[in-house]
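> Right, I'll just put the structure down here and ask away after.
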Amino acid sequence: MNKIKSIIGGVALSVAIASSTLAAGVELNASSTGLALQGYDPVAYFTEGEPTKGDYRITALHNDAMYRFATEENKAAFEENPEAYLPAYGGYCAFGAAMGFKFDGDPNHWKIVDNTLYLNLSEDIQERWEGDIPGFIEQASTNWETIADKSPAELQQQ
């Protein structure tokens, strides 16, 4: 019985350690387990032109975040040049970053501008953002320099 408890305790500890080491930093919009883009394939936006769920069996770890891919080819493309496929502002809402906040970027509300993937919180926010994309990108990029290393909660308290 003690041996079983010991094994279970060891497994629980391993899972806890693995989970904590996978947790991405505040500059990335990832789940508590480190899953980025809510499991959507970052490469598919560029190759398929639409949000595509990744396969839990085809993954890559980048900057402590786990990315899923629909195909092995997409995974290989990502591993060759992750920066080409990563969403701007760590996957947070582009409009929110322009306002100085970090809100979840919804993988279904997106746009590629100048070969960069941008996510937004919702359809209505996406529409507002599309009203002045260059202006909001400029504002968000400026804000990102000061908000990247702050948690979403910290920003809402200011």
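Identifiers in this document derive from the order of the structure tokens: chains are assigned A, B, ..., residues are numbered from 1 separately in each chain, and ligands are numbered from 1 in order of occurrence.
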Find the residues around region 37-53 of chain A up to 10 Å (only C-alpha atoms counted), leave out those fewer than 5 positions away in its own chain, and share them as a PyMOL selection string.

chain A and resi 28-31+58-59+65-71+73-78+82+84-87+90-92+104-112+115-117+119

> Those residues with N, CA, C and O atoms, as a short mmCIF file (atom, residue, chain, number, x, y, z; two decimals), in the first residue's frame please?


```cif
data_model
loop_
_atom_site.label_atom_id
_atom_site.label_comp_id
_atom_site.auth_asym_id
_atom_site.auth_seq_id
_atom_site.Cartn_x
_atom_site.Cartn_y
_atom_site.Cartn_z
N LEU A 28 2.64 36.20 -22.51
CA LEU A 28 1.93 35.30 -23.42
C LEU A 28 0.54 34.99 -22.89
O LEU A 28 0.37 34.70 -21.71
N ASN A 29 -0.43 35.04 -23.75
CA ASN A 29 -1.80 34.68 -23.40
C ASN A 29 -1.93 33.17 -23.55
O ASN A 29 -2.16 32.67 -24.65
N ALA A 30 -1.74 32.46 -22.47
CA ALA A 30 -1.81 31.00 -22.48
C ALA A 30 -2.61 30.54 -21.27
O ALA A 30 -2.73 31.26 -20.28
N SER A 31 -3.13 29.32 -21.35
CA SER A 31 -3.89 28.77 -20.23
C SER A 31 -2.96 28.48 -19.06
O SER A 31 -1.73 28.55 -19.19
N ILE A 58 0.09 16.67 -31.90
CA ILE A 58 1.11 17.35 -32.71
C ILE A 58 1.37 18.70 -32.06
O ILE A 58 0.63 19.66 -32.26
N THR A 59 2.41 18.77 -31.25
CA THR A 59 2.67 19.97 -30.45
C THR A 59 4.13 20.40 -30.52
O THR A 59 5.00 19.61 -30.87
N ALA A 65 5.34 28.00 -23.78
CA ALA A 65 3.94 27.83 -24.17
C ALA A 65 3.85 26.65 -25.14
O ALA A 65 4.76 26.42 -25.94
N MET A 66 2.76 25.92 -25.04
CA MET A 66 2.53 24.76 -25.90
C MET A 66 1.61 25.15 -27.05
O MET A 66 0.54 25.71 -26.83
N TYR A 67 2.07 24.88 -28.25
CA TYR A 67 1.28 25.14 -29.45
C TYR A 67 0.88 23.82 -30.07
O TYR A 67 1.66 22.87 -30.09
N ARG A 68 -0.34 23.78 -30.58
CA ARG A 68 -0.85 22.59 -31.26
C ARG A 68 -0.95 22.88 -32.76
O ARG A 68 -1.21 24.02 -33.16
N PHE A 69 -0.82 21.81 -33.56
CA PHE A 69 -0.83 21.96 -35.01
C PHE A 69 -1.76 20.94 -35.64
O PHE A 69 -1.90 19.82 -35.15
N ALA A 70 -2.36 21.33 -36.75
CA ALA A 70 -3.27 20.44 -37.48
C ALA A 70 -2.49 19.38 -38.24
O ALA A 70 -3.00 18.28 -38.45
N THR A 71 -1.27 19.71 -38.65
CA THR A 71 -0.46 18.77 -39.44
C THR A 71 1.00 18.80 -38.99
O THR A 71 1.45 19.78 -38.40
N GLU A 73 3.40 19.06 -41.05
CA GLU A 73 4.02 20.09 -41.90
C GLU A 73 3.94 21.46 -41.23
O GLU A 73 4.90 22.23 -41.25
N ASN A 74 2.77 21.75 -40.62
CA ASN A 74 2.62 23.03 -39.93
C ASN A 74 3.55 23.12 -38.73
O ASN A 74 4.16 24.15 -38.48
N LYS A 75 3.68 22.00 -38.01
CA LYS A 75 4.59 21.97 -36.86
C LYS A 75 6.03 22.23 -37.33
O LYS A 75 6.75 23.02 -36.72
N ALA A 76 6.43 21.58 -38.41
CA ALA A 76 7.79 21.76 -38.94
C ALA A 76 8.03 23.21 -39.36
O ALA A 76 9.09 23.78 -39.07
N ALA A 77 7.03 23.82 -40.01
CA ALA A 77 7.16 25.23 -40.43
C ALA A 77 7.31 26.13 -39.21
O ALA A 77 8.14 27.05 -39.20
N PHE A 78 6.52 25.87 -38.18
CA PHE A 78 6.59 26.66 -36.95
C PHE A 78 7.96 26.51 -36.29
O PHE A 78 8.57 27.50 -35.89
N PRO A 82 9.38 30.18 -35.68
CA PRO A 82 8.19 30.48 -34.87
C PRO A 82 7.74 31.94 -34.95
O PRO A 82 6.55 32.22 -34.97
N ALA A 84 7.53 33.89 -37.29
CA ALA A 84 6.71 34.18 -38.47
C ALA A 84 5.23 33.90 -38.23
O ALA A 84 4.37 34.43 -38.94
N TYR A 85 4.92 33.07 -37.24
CA TYR A 85 3.55 32.61 -37.03
C TYR A 85 2.93 33.04 -35.71
O TYR A 85 1.71 32.95 -35.54
N LEU A 86 3.74 33.46 -34.77
CA LEU A 86 3.21 33.84 -33.46
C LEU A 86 2.31 35.07 -33.57
O LEU A 86 2.64 36.02 -34.28
N PRO A 87 1.20 35.08 -32.84
CA PRO A 87 0.35 36.26 -32.89
C PRO A 87 1.01 37.45 -32.17
O PRO A 87 1.79 37.27 -31.24
N GLY A 90 1.65 38.65 -27.88
CA GLY A 90 1.55 37.40 -27.12
C GLY A 90 0.22 36.68 -27.25
O GLY A 90 -0.09 35.80 -26.47
N GLY A 91 -0.57 37.06 -28.25
CA GLY A 91 -1.89 36.44 -28.42
C GLY A 91 -2.99 37.15 -27.66
O GLY A 91 -4.13 36.70 -27.66
N TYR A 92 -2.66 38.26 -27.01
CA TYR A 92 -3.69 39.07 -26.37
C TYR A 92 -4.43 39.88 -27.43
O TYR A 92 -3.94 40.05 -28.55
N ASP A 104 -8.13 38.56 -23.40
CA ASP A 104 -7.96 37.36 -24.20
C ASP A 104 -8.14 37.67 -25.68
O ASP A 104 -9.08 38.37 -26.05
N GLY A 105 -7.24 37.15 -26.48
CA GLY A 105 -7.43 37.20 -27.92
C GLY A 105 -8.22 35.96 -28.31
O GLY A 105 -7.85 34.85 -27.93
N ASP A 106 -9.31 36.13 -28.99
CA ASP A 106 -10.13 35.00 -29.42
C ASP A 106 -9.61 34.52 -30.77
O ASP A 106 -9.60 35.29 -31.74
N PRO A 107 -9.20 33.26 -30.88
CA PRO A 107 -8.65 32.75 -32.14
C PRO A 107 -9.61 32.85 -33.33
O PRO A 107 -9.20 32.75 -34.47
N ASN A 108 -10.90 33.06 -33.05
CA ASN A 108 -11.87 33.19 -34.13
C ASN A 108 -12.05 34.62 -34.63
O ASN A 108 -12.75 34.85 -35.61
N HIS A 109 -11.43 35.58 -33.94
CA HIS A 109 -11.50 36.99 -34.35
C HIS A 109 -10.08 37.44 -34.62
O HIS A 109 -9.35 37.83 -33.72
N TRP A 110 -9.70 37.40 -35.88
CA TRP A 110 -8.30 37.55 -36.26
C TRP A 110 -8.17 38.27 -37.60
O TRP A 110 -9.13 38.39 -38.36
N LYS A 111 -6.96 38.69 -37.86
CA LYS A 111 -6.63 39.29 -39.16
C LYS A 111 -5.11 39.25 -39.30
O LYS A 111 -4.39 39.47 -38.33
N ILE A 112 -4.66 38.96 -40.50
CA ILE A 112 -3.23 39.03 -40.80
C ILE A 112 -2.99 40.36 -41.49
O ILE A 112 -3.63 40.67 -42.51
N ASN A 115 1.83 40.33 -42.80
CA ASN A 115 2.38 39.03 -42.37
C ASN A 115 2.45 38.83 -40.86
O ASN A 115 3.25 38.04 -40.38
N THR A 116 1.64 39.58 -40.12
CA THR A 116 1.56 39.40 -38.66
C THR A 116 0.12 39.05 -38.31
O THR A 116 -0.81 39.68 -38.79
N LEU A 117 -0.04 38.04 -37.45
CA LEU A 117 -1.35 37.61 -36.99
C LEU A 117 -1.77 38.44 -35.79
O LEU A 117 -1.02 38.55 -34.81
N LEU A 119 -5.03 39.03 -33.03
CA LEU A 119 -6.28 38.50 -32.48
C LEU A 119 -7.02 39.61 -31.75
O LEU A 119 -6.39 40.56 -31.26
#
```

> Per residue of region 24-106 of chain A within 9 Å of region 138-158 of chain A, record the nearest atom pair and its distance in Å to one decimal, counting only C-alpha atoms, with rows in chain order and ascending residue number, as CSV.


```
residue,atom,partner,partner_atom,distance
A:Gly25,CA,A:Asp149,CA,8.1
A:Val26,CA,A:Ser151,CA,5.3
A:Glu27,CA,A:Ala148,CA,4.9
A:Leu28,CA,A:Ala148,CA,8.3
A:Ala88,CA,A:Ser141,CA,8.9
A:Tyr89,CA,A:Trp144,CA,6.9
A:Gly90,CA,A:Ala148,CA,8.3
A:Ala94,CA,A:Ala140,CA,6.6
A:Phe95,CA,A:Ala140,CA,7.2
A:Gly96,CA,A:Ala140,CA,7.8
A:Ala97,CA,A:Ala140,CA,4.7
A:Ala98,CA,A:Ala140,CA,3.6
A:Met99,CA,A:Ala140,CA,7.1
A:Gly100,CA,A:Asn143,CA,5.8
A:Phe101,CA,A:Leu155,CA,5.9
A:Lys102,CA,A:Pro152,CA,5.0
A:Phe103,CA,A:Pro152,CA,7.0
```

> Quick one, how far is CA of His62 (chain A) from CA of Glu79 (chain A)?

8.5 Å

> Enumerate, as number ranges by chain, the complete set of residues in region 104-142 of chain A that a backbone-based DSSP assignment places in strand (DSSP E or B).

A: 104, 106-113, 116-120

> Output all heavy atoms of each residue in that selection to a file, as a short mmCIF file (atom, residue, chain, number, x, y, z; two decimals), in the first residue's frame.


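Output file out.cif follows:
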```cif
data_model
loop_
_atom_site.label_atom_id
_atom_site.label_comp_id
_atom_site.auth_asym_id
_atom_site.auth_seq_id
_atom_site.Cartn_x
_atom_site.Cartn_y
_atom_site.Cartn_z
N ASP A 104 -8.13 38.56 -23.40
CA ASP A 104 -7.96 37.36 -24.20
C ASP A 104 -8.14 37.67 -25.68
O ASP A 104 -9.08 38.37 -26.05
CB ASP A 104 -8.99 36.29 -23.82
CG ASP A 104 -8.58 35.49 -22.62
OD1 ASP A 104 -7.39 35.52 -22.26
OD2 ASP A 104 -9.44 34.82 -22.04
N ASP A 106 -9.31 36.13 -28.99
CA ASP A 106 -10.13 35.00 -29.42
C ASP A 106 -9.61 34.52 -30.77
O ASP A 106 -9.60 35.29 -31.74
CB ASP A 106 -11.59 35.43 -29.54
CG ASP A 106 -12.54 34.29 -29.89
OD1 ASP A 106 -12.12 33.36 -30.62
OD2 ASP A 106 -13.70 34.34 -29.47
N PRO A 107 -9.20 33.26 -30.88
CA PRO A 107 -8.65 32.75 -32.14
C PRO A 107 -9.61 32.85 -33.33
O PRO A 107 -9.20 32.75 -34.47
CB PRO A 107 -8.32 31.28 -31.83
CG PRO A 107 -8.17 31.23 -30.35
CD PRO A 107 -9.13 32.25 -29.82
N ASN A 108 -10.90 33.06 -33.05
CA ASN A 108 -11.87 33.19 -34.13
C ASN A 108 -12.05 34.62 -34.63
O ASN A 108 -12.75 34.85 -35.61
CB ASN A 108 -13.22 32.61 -33.69
CG ASN A 108 -13.13 31.12 -33.48
OD1 ASN A 108 -12.85 30.38 -34.42
ND2 ASN A 108 -13.31 30.68 -32.25
N HIS A 109 -11.43 35.58 -33.94
CA HIS A 109 -11.50 36.99 -34.35
C HIS A 109 -10.08 37.44 -34.62
O HIS A 109 -9.35 37.83 -33.72
CB HIS A 109 -12.19 37.83 -33.27
CG HIS A 109 -13.58 37.35 -32.99
ND1 HIS A 109 -14.59 37.46 -33.90
CD2 HIS A 109 -14.09 36.69 -31.93
CE1 HIS A 109 -15.69 36.92 -33.40
NE2 HIS A 109 -15.41 36.44 -32.20
N TRP A 110 -9.70 37.40 -35.88
CA TRP A 110 -8.30 37.55 -36.26
C TRP A 110 -8.17 38.27 -37.60
O TRP A 110 -9.13 38.39 -38.36
CB TRP A 110 -7.66 36.16 -36.37
CG TRP A 110 -8.31 35.34 -37.45
CD1 TRP A 110 -9.51 34.67 -37.37
CD2 TRP A 110 -7.85 35.16 -38.79
NE1 TRP A 110 -9.80 34.08 -38.56
CE2 TRP A 110 -8.81 34.35 -39.45
CE3 TRP A 110 -6.72 35.60 -39.48
CZ2 TRP A 110 -8.66 33.99 -40.79
CZ3 TRP A 110 -6.59 35.23 -40.81
CH2 TRP A 110 -7.54 34.43 -41.44
N LYS A 111 -6.96 38.69 -37.86
CA LYS A 111 -6.63 39.29 -39.16
C LYS A 111 -5.11 39.25 -39.30
O LYS A 111 -4.39 39.47 -38.33
CB LYS A 111 -7.13 40.73 -39.24
CG LYS A 111 -7.01 41.34 -40.62
CD LYS A 111 -7.75 42.67 -40.65
CE LYS A 111 -7.91 43.20 -42.05
NZ LYS A 111 -8.90 42.53 -42.86
N ILE A 112 -4.66 38.96 -40.50
CA ILE A 112 -3.23 39.03 -40.80
C ILE A 112 -2.99 40.36 -41.49
O ILE A 112 -3.63 40.67 -42.51
CB ILE A 112 -2.78 37.85 -41.68
CG1 ILE A 112 -2.92 36.54 -40.90
CG2 ILE A 112 -1.34 38.05 -42.15
CD1 ILE A 112 -2.68 35.28 -41.72
N VAL A 113 -2.09 41.16 -40.92
CA VAL A 113 -1.72 42.46 -41.48
C VAL A 113 -0.21 42.47 -41.62
O VAL A 113 0.51 42.25 -40.64
CB VAL A 113 -2.18 43.62 -40.56
CG1 VAL A 113 -1.77 44.97 -41.14
CG2 VAL A 113 -3.68 43.57 -40.32
N THR A 116 1.64 39.58 -40.12
CA THR A 116 1.56 39.40 -38.66
C THR A 116 0.12 39.05 -38.31
O THR A 116 -0.81 39.68 -38.79
CB THR A 116 2.00 40.67 -37.91
OG1 THR A 116 3.35 40.96 -38.26
CG2 THR A 116 1.89 40.50 -36.41
N LEU A 117 -0.04 38.04 -37.45
CA LEU A 117 -1.35 37.61 -36.99
C LEU A 117 -1.77 38.44 -35.79
O LEU A 117 -1.02 38.55 -34.81
CB LEU A 117 -1.29 36.12 -36.61
CG LEU A 117 -2.53 35.51 -35.96
CD1 LEU A 117 -3.73 35.57 -36.91
CD2 LEU A 117 -2.23 34.07 -35.54
N TYR A 118 -2.95 39.02 -35.86
CA TYR A 118 -3.53 39.80 -34.76
C TYR A 118 -4.83 39.14 -34.34
O TYR A 118 -5.64 38.75 -35.18
CB TYR A 118 -3.82 41.24 -35.19
CG TYR A 118 -2.57 42.02 -35.53
CD1 TYR A 118 -2.07 42.03 -36.82
CD2 TYR A 118 -1.89 42.73 -34.54
CE1 TYR A 118 -0.91 42.74 -37.13
CE2 TYR A 118 -0.74 43.44 -34.84
CZ TYR A 118 -0.26 43.44 -36.14
OH TYR A 118 0.89 44.13 -36.44
N LEU A 119 -5.03 39.03 -33.03
CA LEU A 119 -6.28 38.50 -32.48
C LEU A 119 -7.02 39.61 -31.75
O LEU A 119 -6.39 40.56 -31.26
CB LEU A 119 -5.99 37.37 -31.48
CG LEU A 119 -5.19 36.18 -31.98
CD1 LEU A 119 -4.98 35.18 -30.84
CD2 LEU A 119 -5.85 35.52 -33.15
N ASN A 120 -8.33 39.49 -31.68
CA ASN A 120 -9.12 40.43 -30.91
C ASN A 120 -10.10 39.66 -30.02
O ASN A 120 -10.32 38.47 -30.19
CB ASN A 120 -9.85 41.42 -31.82
CG ASN A 120 -8.95 42.58 -32.20
OD1 ASN A 120 -8.56 43.38 -31.35
ND2 ASN A 120 -8.58 42.66 -33.47
#
```

> Would you list, as a PyMOL selection string, the residues of chain A that end up in helix (DSSP H, G or I) under DSSP run on this structure's backbone?

chain A and resi 2-22+37-39+44-47+72-80+82-84+88-91+94-98+123-130+133-147+152-156

> Could you tell me how far CA of Ser32 (chain A) lies from CA of Asp124 (chain A), in Å and to one decimal?

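We find that CA of Ser32 (chain A) and CA of Asp124 (chain A) lie 26.8 Å from each other.
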
> I'd like the interatomic distance between CA of Asp64 (chain A) and CA of Ala24 (chain A), to a tenth of an Å.

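Answer for the CA of Asp64 (chain A) to CA of Ala24 (chain A) separation: 4.8 Å.
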
> Nearest to Pro134 (chain A): which of A:Glu72, A:Asp55, A:Asp114, A:Glu83 is it, counting only C-alpha atoms?

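Checking each candidate against Pro134 (chain A), we get A:Asp114 as the closest.
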